[in-house]
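Peer 1: Let me begin by handing over the structure; questions about it come next.
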Amino acid sequence: MTRIEPERIRLLNARTFASGQYILYWMQTSQRAFWNPALEFAVDLANERGLPLLVAFGVTPYYPEANLRHYAWMLEGLRETAQALRERRIGFVLRLEYPPDLALNLARNAAAIVTDRGYLRHLRVWRRYVAERAPCPVIEVEGDAVVPVEVAYPRQAVRASVLRRRIHLLLPRFLQPLQEQVPRIQADFDEPSLDPTSPEKVLALLEVDRTVEPVDFPSGTSAARARLRRFVEENLPRYADLRSDPRQDVTSGLSPYLHFGQISPVEIAWEVSHIGGPGAEAFLEELIVRRELALNLVWYNPDYDRFEGLPRWARETLRAHAADPRPVLYSLEDLESARTDDPIWNAAQSALVRTGRMHNYLRMYWGKRLLVWTAQPEDALRIGLYLNNKYALDGRDPNSYAGVGWCLGLHDRPFPERPIFGKVRPMTPEGFRRKFG
Ligand SMILES: Cc1cc2nc3c(=O)[nH]c(=O)nc-3n(C[C@H](O)[C@H](O)[C@H](O)COP(=O)(O)OP(=O)(O)OC[C@H]3O[C@@H](n4cnc5c(N)ncnc54)[C@H](O)[C@@H]3O)c2cc1C
């Protein structure tokens with residue numbers, strides 16, 4: 001077993017260790033008790049300093065774009081994480097508190113803060129805010145990319161091929177199992193906490209948008225691992241041939257678990273890489289290269305969620321065709337309620353609203369049609385992100401911005417010019433029917 005690679009570890013400030021009562025792991029991205037480098041690093045540090053470890057998670061009703069569906073799923077996952085931490089003799093505190101404030105409040109009695117890594121704008125701001133104000137060292141440990149993002153590539157990658165070469169060279173170093181550490185001091189805290197084993201009660205306290213219903217899809221690390229096992233046994237051999245066919249259900253369904261950090265991408269990649277074959281190769285391309293291309297996007301491109309963040313050629317061609325006549329314009333309300341003249345699109349949108357999920361190929365088609373039915377390409381991007389992030393269980397993720405952006409030319413190449421799409425790769429209902437009947 002390997003120790004945590006030094007490239008995953010970053011000191012976010014220059015404070016010296018305080019004489020605290022515990023090491024604090026401020027949990028945010030990696031919401032799991034296993035295969036979590038930030039957690040193992042924190043256990044190590046606690047052992048080294050002869051202190052117990054306290055893990056803290058702050059729930060805010062103001063989390064960007066989150067609604068009942070997301071909160072219900074996340075709290076259900078945290079129930080299992082809290083229990084697993086307790087079994088590992090690690091303390092866990094769950095509070096209704098703005099996450100950076102929770103970290104700073106608990107930092108008063110901490111010798112050091114360890115945290116995991118966040119890529120999106122607000123997650124980076126929160127970590128900077130804590131690092132600037134904490135009276136102790138704040139150490140960030142990367143646990144949700146197979147290859148740490150700056151190591152993989154030092155700037156924005158224009159397309160997957162650029163990243164693929166580098167990642168493949170670096171995989172032997174970073175695709176390694178993680179050694180689990182045993183805490184030497186048992187955690188015994190009387191810090192106030194909500195009861196993480198009663199997610200319904202925590203949910204009842206939250207004043208959040210309740211218009212989007214929770215979904216019937218099991219949450220938590222055990223469910224993620226069970227899904228991975230089933231996928232490997234039943235569908236991995238067919239993945240290379242059938243993953244792009246929305247009529248087949250061969251993909252892993254792991255994206256919500258990855259989004260909430262309930263399972264490590266390194267754990268998934270480790271399991272699958274030992275199986276080998278074309279299925280494993282195709283799957284690892286999606287899990288590592290494509291997923292980490294999205295991390296690369298949000299890390300290096302400050303406009304990742306805006307029209308200005310698209311490549312110049314895509315912006316220019318879309319602007320040049322912005323005045324092209326559209327066959328029909330749908331309002332946000334029509335789109336959200338799946339009231340278009342395209343039954344394929346309506347079915348995809350209805351499924352998204354009902355189940356929180358949509359197959360990747362349908363997602364591509366769904367996003368491309370928005371370009372045809374909205375007055376401006378900026379509207380297509382805005383509405384695509386709004387609907388995706390509101391209803392998808394895996395929404396509000398770096399992949400959300402890369403996926404919707406891809407529909408408008410991101411990470412892609414120019415195609416022969418045509419109305420509305422300009423040089424952006426088109427997708428049409430006729431093409432869809434030709435492919436799938
Ligand atoms: C318009 C649009 C919006 C999207 N929004 C999201 C989103 O909000 N959240 C999200 O996680 N993904 C998003 N994607 C990417 C992709 O559709 C999903 O990751 C995939 O469908 C998840 O299903 P799965 O777990 O069964 O994937 P599998 O095929 O089993 O792949 C395994 C993992 O690899 C990664 N992956 C697979 N396909 C892609 C891809 N094309 N790009 C990047 N990573 C990929 C995911 O983490 C996925 O869980 C979007 C794509 C498009 C075109």
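Quick note on naming: the chains in the structure tokens go A, B, ... in the order shown, residues restart at 1 in each chain, and ligands are numbered from 1 in order of appearance.
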Name the residues, by chain letter and number, that sit within 7 Å of ligand 1 using only C-alpha atoms and all ligand atoms, and give them as an MDAnalysis selection string.
Peer 2: chainID A and resid 243 251:256 258:259 283 286:288 290:291 294 358:361 363:364 366:367 384 388:389 392 394:397 399:401 403:404 406:407
Peer 1: Could you save the residues just selected, with N, CA and C atoms, as a short mmCIF file (atom, residue, chain, number, x, y, z; two decimals), in the first residue's frame?
Peer 2:
data_model
loop_
_atom_site.label_atom_id
_atom_site.label_comp_id
_atom_site.auth_asym_id
_atom_site.auth_seq_id
_atom_site.Cartn_x
_atom_site.Cartn_y
_atom_site.Cartn_z
N ARG A 243 -22.20 1.66 -24.64
CA ARG A 243 -22.38 2.78 -23.68
C ARG A 243 -23.09 3.98 -24.30
N THR A 251 -24.38 1.68 -18.60
CA THR A 251 -23.38 2.52 -17.92
C THR A 251 -23.47 2.31 -16.41
N SER A 252 -22.48 2.86 -15.70
CA SER A 252 -22.35 2.48 -14.28
C SER A 252 -23.36 3.18 -13.36
N GLY A 253 -23.85 4.36 -13.74
CA GLY A 253 -24.74 5.11 -12.84
C GLY A 253 -23.99 5.64 -11.62
N LEU A 254 -22.68 5.77 -11.72
CA LEU A 254 -21.89 6.18 -10.54
C LEU A 254 -21.77 7.70 -10.38
N SER A 255 -22.24 8.47 -11.37
CA SER A 255 -21.95 9.92 -11.32
C SER A 255 -22.49 10.64 -10.07
N PRO A 256 -23.70 10.32 -9.55
CA PRO A 256 -24.11 11.03 -8.32
C PRO A 256 -23.19 10.71 -7.13
N LEU A 258 -20.05 9.97 -7.30
CA LEU A 258 -18.80 10.71 -7.50
C LEU A 258 -19.01 12.18 -7.18
N HIS A 259 -20.15 12.71 -7.60
CA HIS A 259 -20.40 14.13 -7.35
C HIS A 259 -20.38 14.44 -5.85
N PHE A 283 -14.22 2.61 -20.29
CA PHE A 283 -14.75 3.16 -19.04
C PHE A 283 -13.74 4.10 -18.38
N GLU A 286 -13.64 7.53 -19.81
CA GLU A 286 -14.70 8.44 -19.33
C GLU A 286 -14.41 8.86 -17.89
N LEU A 287 -14.12 7.89 -17.06
CA LEU A 287 -13.96 8.16 -15.62
C LEU A 287 -12.74 9.05 -15.34
N ILE A 288 -11.66 8.82 -16.08
CA ILE A 288 -10.45 9.59 -15.75
C ILE A 288 -10.28 10.75 -16.74
N ARG A 290 -12.11 12.05 -19.37
CA ARG A 290 -13.23 12.99 -19.57
C ARG A 290 -13.61 13.71 -18.29
N ARG A 291 -13.68 12.96 -17.21
CA ARG A 291 -14.06 13.60 -15.94
C ARG A 291 -12.99 14.61 -15.52
N ALA A 294 -13.02 17.93 -17.21
CA ALA A 294 -13.97 18.87 -16.60
C ALA A 294 -13.34 19.56 -15.37
N MET A 358 -30.22 11.18 -16.57
CA MET A 358 -30.39 11.14 -18.02
C MET A 358 -29.13 10.50 -18.63
N HIS A 359 -29.35 9.62 -19.60
CA HIS A 359 -28.23 8.94 -20.25
C HIS A 359 -27.33 9.95 -20.96
N ASN A 360 -26.02 9.68 -21.01
CA ASN A 360 -25.08 10.63 -21.60
C ASN A 360 -25.43 11.01 -23.04
N TYR A 361 -25.82 10.03 -23.86
CA TYR A 361 -26.09 10.37 -25.27
C TYR A 361 -27.32 11.26 -25.37
N ARG A 363 -28.31 13.26 -23.09
CA ARG A 363 -27.91 14.56 -22.55
C ARG A 363 -27.29 15.42 -23.65
N MET A 364 -26.49 14.78 -24.51
CA MET A 364 -25.86 15.53 -25.59
C MET A 364 -26.93 16.08 -26.53
N TRP A 366 -30.15 16.47 -25.90
CA TRP A 366 -30.99 17.40 -25.11
C TRP A 366 -30.36 18.80 -25.10
N GLY A 367 -29.05 18.86 -24.84
CA GLY A 367 -28.37 20.16 -24.77
C GLY A 367 -28.28 20.84 -26.13
N GLY A 384 -29.71 25.40 -20.20
CA GLY A 384 -29.14 24.04 -20.07
C GLY A 384 -28.57 23.83 -18.67
N ASN A 388 -30.25 21.31 -15.90
CA ASN A 388 -29.35 20.23 -15.50
C ASN A 388 -29.08 20.29 -13.99
N ASN A 389 -28.75 21.48 -13.52
CA ASN A 389 -28.35 21.60 -12.11
C ASN A 389 -29.53 21.51 -11.15
N ALA A 392 -30.80 17.25 -12.02
CA ALA A 392 -29.90 16.08 -12.04
C ALA A 392 -29.31 15.86 -10.66
N ASP A 394 -26.61 14.37 -10.20
CA ASP A 394 -25.17 14.63 -10.33
C ASP A 394 -24.89 16.05 -10.82
N GLY A 395 -25.92 16.93 -10.81
CA GLY A 395 -25.73 18.29 -11.31
C GLY A 395 -24.87 19.14 -10.38
N ARG A 396 -24.58 20.37 -10.80
CA ARG A 396 -23.77 21.32 -10.04
C ARG A 396 -22.32 20.81 -9.88
N ASP A 397 -21.90 20.03 -10.87
CA ASP A 397 -20.61 19.36 -10.83
C ASP A 397 -19.72 19.97 -11.92
N ASN A 399 -18.47 18.41 -14.21
CA ASN A 399 -18.99 17.76 -15.42
C ASN A 399 -20.22 18.45 -15.99
N SER A 400 -21.00 19.12 -15.14
CA SER A 400 -22.19 19.82 -15.63
C SER A 400 -21.76 20.94 -16.58
N TYR A 401 -20.73 21.69 -16.18
CA TYR A 401 -20.28 22.83 -16.98
C TYR A 401 -19.58 22.35 -18.25
N GLY A 403 -20.18 19.45 -19.70
CA GLY A 403 -21.18 18.76 -20.53
C GLY A 403 -22.05 19.74 -21.30
N VAL A 404 -22.61 20.73 -20.60
CA VAL A 404 -23.47 21.70 -21.28
C VAL A 404 -22.61 22.55 -22.23
N TRP A 406 -19.99 21.57 -23.79
CA TRP A 406 -19.66 20.74 -24.96
C TRP A 406 -20.76 20.88 -26.04
N CYS A 407 -21.99 20.99 -25.61
CA CYS A 407 -23.09 21.13 -26.59
C CYS A 407 -22.92 22.41 -27.42
#
Peer 1: Applying 8 Å and only C-alpha atoms, which residues near Ala111 (chain A) remain after dropping the ones on its own chain fewer than 4 positions away? List them as number ranges by chain.
Peer 2: A: 17-24, 107, 136-137
Peer 1: Hey, what does DSSP flag as helix (DSSP H, G or I) within region 55-301 of chain A? Can you give it to me as an MDAnalysis selection string?
Peer 2: chainID A and resid 68:87 99:107 121:133 149:152 160:174 199:205 221:242 255:259 265:273 277:300
Peer 1: So which residues touch Asp209 (chain A) within 8 Å, counting only C-alpha atoms, skipping near sequence neighbours fewer than 4 positions away, as JSON, numbers by chain?
Peer 2: {"A": [66, 67, 68]}
Peer 1: If we count only C-alpha atoms, what is near Tyr119 (chain A) at a cut-off of 7 Å, once residues fewer than 3 positions away on the same chain are taken out, given as an MDAnalysis selection string?
Peer 2: chainID A and resid 123:124 295 298:299
Peer 1: Please, which residues of region 18-86 of chain A, numbered as in this document, come out strand (DSSP E) from DSSP, as a list in words?
Peer 2: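 Here is the list: Tyr22, Ile23, Leu24, Tyr25, Trp26, Leu53, Leu54, Val55, Ala56, Phe57 and Gly58 of chain A.
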Peer 1: In Å, rounded to a single decimal, give me how far CA of Arg166 (chain A) is from CA of Tyr239 (chain A).
Peer 2: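 Between these atoms lies a distance of 24.2 Å.
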Peer 1: Could you jot down the CA of Pro61 (chain A) to CA of Tyr25 (chain A) separation for me, Å, one decimal place?
Peer 2: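 Taking CA of Pro61 (chain A) and CA of Tyr25 (chain A), their separation equals 21.3 Å.
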Peer 1: Using CA of Arg117 (chain A) and CA of Leu96 (chain A) as the two end points, give the distance in Å to one decimal.
Peer 2: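 Those two atoms sit 21.2 Å apart.
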Peer 1: With a distance cut-off of 8 Å and only C-alpha atoms, select the neighbouring residues of Val59 (chain A), excluding the residue or stretch itself and same-chain residues fewer than 2 positions from it, and output the selection as a list in words.
Peer 2: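 Result of the neighbour search: Phe57, Pro61, Leu94, Arg95, Leu96, Glu97, Tyr98 and Pro99 of chain A.
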Peer 1: Calculated over only C-alpha atoms, which of the candidates A:Thr428, A:Thr81, A:Thr221, A:Asn36 has the smallest distance to Val114 (chain A)?
Peer 2: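 Checking each candidate against Val114 (chain A), we get A:Asn36 as the closest.
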Peer 1: Near region 171-181 of chain A, counting only C-alpha atoms, which residues have an atom at most 8 Å away, once you skip same-chain residues fewer than 3 positions from it, shown as a CSV table (one decimal) with N, CA and C atoms, in the first residue's frame?
Peer 2:
chain,number,residue,atom,x,y,z
A,1,MET,N,0.8,-1.2,0.0
A,1,MET,CA,0.0,0.0,0.0
A,1,MET,C,0.9,1.3,0.0
A,2,THR,N,0.4,2.3,-0.7
A,2,THR,CA,1.2,3.5,-0.8
A,2,THR,C,0.7,4.6,0.1
A,3,ARG,N,1.6,5.5,0.5
A,3,ARG,CA,1.2,6.6,1.3
A,3,ARG,C,0.6,7.7,0.3
A,4,ILE,N,0.1,8.7,0.9
A,4,ILE,CA,-0.5,9.8,0.0
A,4,ILE,C,0.6,10.5,-0.8
A,5,GLU,N,0.4,10.6,-2.1
A,5,GLU,CA,1.4,11.3,-2.9
A,5,GLU,C,1.6,12.7,-2.5
A,34,PHE,N,-14.0,6.1,3.7
A,34,PHE,CA,-13.0,5.2,3.2
A,34,PHE,C,-12.4,5.7,1.9
A,35,TRP,N,-11.2,5.3,1.6
A,35,TRP,CA,-10.4,5.7,0.4
A,35,TRP,C,-10.5,7.2,0.2
A,36,ASN,N,-10.2,7.9,1.4
A,36,ASN,CA,-10.3,9.4,1.4
A,36,ASN,C,-9.0,9.9,1.9
A,37,PRO,N,-8.2,10.4,1.0
A,37,PRO,CA,-6.8,10.9,1.4
A,37,PRO,C,-6.8,12.0,2.4
A,40,GLU,N,-7.4,10.2,5.7
A,40,GLU,CA,-6.2,9.4,6.2
A,40,GLU,C,-5.0,10.3,6.6
A,43,VAL,N,-5.9,11.6,10.0
A,43,VAL,CA,-5.6,10.5,11.1
A,43,VAL,C,-4.2,10.5,11.4
A,44,ASP,N,-3.4,10.5,10.3
A,44,ASP,CA,-1.9,10.5,10.5
A,44,ASP,C,-1.4,11.6,11.4
A,146,VAL,N,-8.0,11.4,-10.0
A,146,VAL,CA,-7.0,10.3,-10.0
A,146,VAL,C,-5.7,11.0,-10.1
A,147,VAL,N,-5.5,11.9,-11.1
A,147,VAL,CA,-4.2,12.6,-11.2
A,147,VAL,C,-4.5,14.1,-10.8
A,167,ILE,N,-2.1,12.2,-18.8
A,167,ILE,CA,-2.7,11.3,-17.7
A,167,ILE,C,-2.2,9.9,-17.8
A,168,HIS,N,-2.1,9.4,-19.1
A,168,HIS,CA,-1.7,8.0,-19.2
A,168,HIS,C,-0.2,7.8,-18.7
A,266,VAL,N,-10.4,7.0,-7.5
A,266,VAL,CA,-9.2,6.2,-7.6
A,266,VAL,C,-9.7,4.7,-7.2
A,267,GLU,N,-10.5,4.6,-6.3
A,267,GLU,CA,-11.0,3.2,-5.9
A,267,GLU,C,-11.7,2.6,-7.1
A,269,ALA,N,-11.3,3.3,-10.3
A,269,ALA,CA,-10.3,3.1,-11.4
A,269,ALA,C,-9.4,1.9,-11.0
A,270,TRP,N,-9.1,1.8,-9.8
A,270,TRP,CA,-8.2,0.7,-9.3
A,270,TRP,C,-8.9,-0.7,-9.6
Peer 1: Compile the contact shell of Leu332 (chain A) as a short mmCIF file (atom, residue, chain, number, x, y, z; two decimals) with N, CA and C atoms, in the first residue's frame: residues with an atom at most 8 Å away, counting only C-alpha atoms, same-chain residues fewer than 3 positions apart removed.
Peer 2:
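The resulting file, selection-v2.cif, is reproduced below:
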data_model
loop_
_atom_site.label_atom_id
_atom_site.label_comp_id
_atom_site.auth_asym_id
_atom_site.auth_seq_id
_atom_site.Cartn_x
_atom_site.Cartn_y
_atom_site.Cartn_z
N LEU A 335 -40.05 24.43 -21.69
CA LEU A 335 -38.94 23.46 -21.69
C LEU A 335 -38.94 22.66 -20.39
N GLU A 336 -39.08 23.36 -19.29
CA GLU A 336 -39.03 22.69 -17.99
C GLU A 336 -40.15 21.66 -17.86
N ILE A 383 -30.05 28.12 -19.85
CA ILE A 383 -31.18 27.23 -19.57
C ILE A 383 -30.68 25.79 -19.39
#
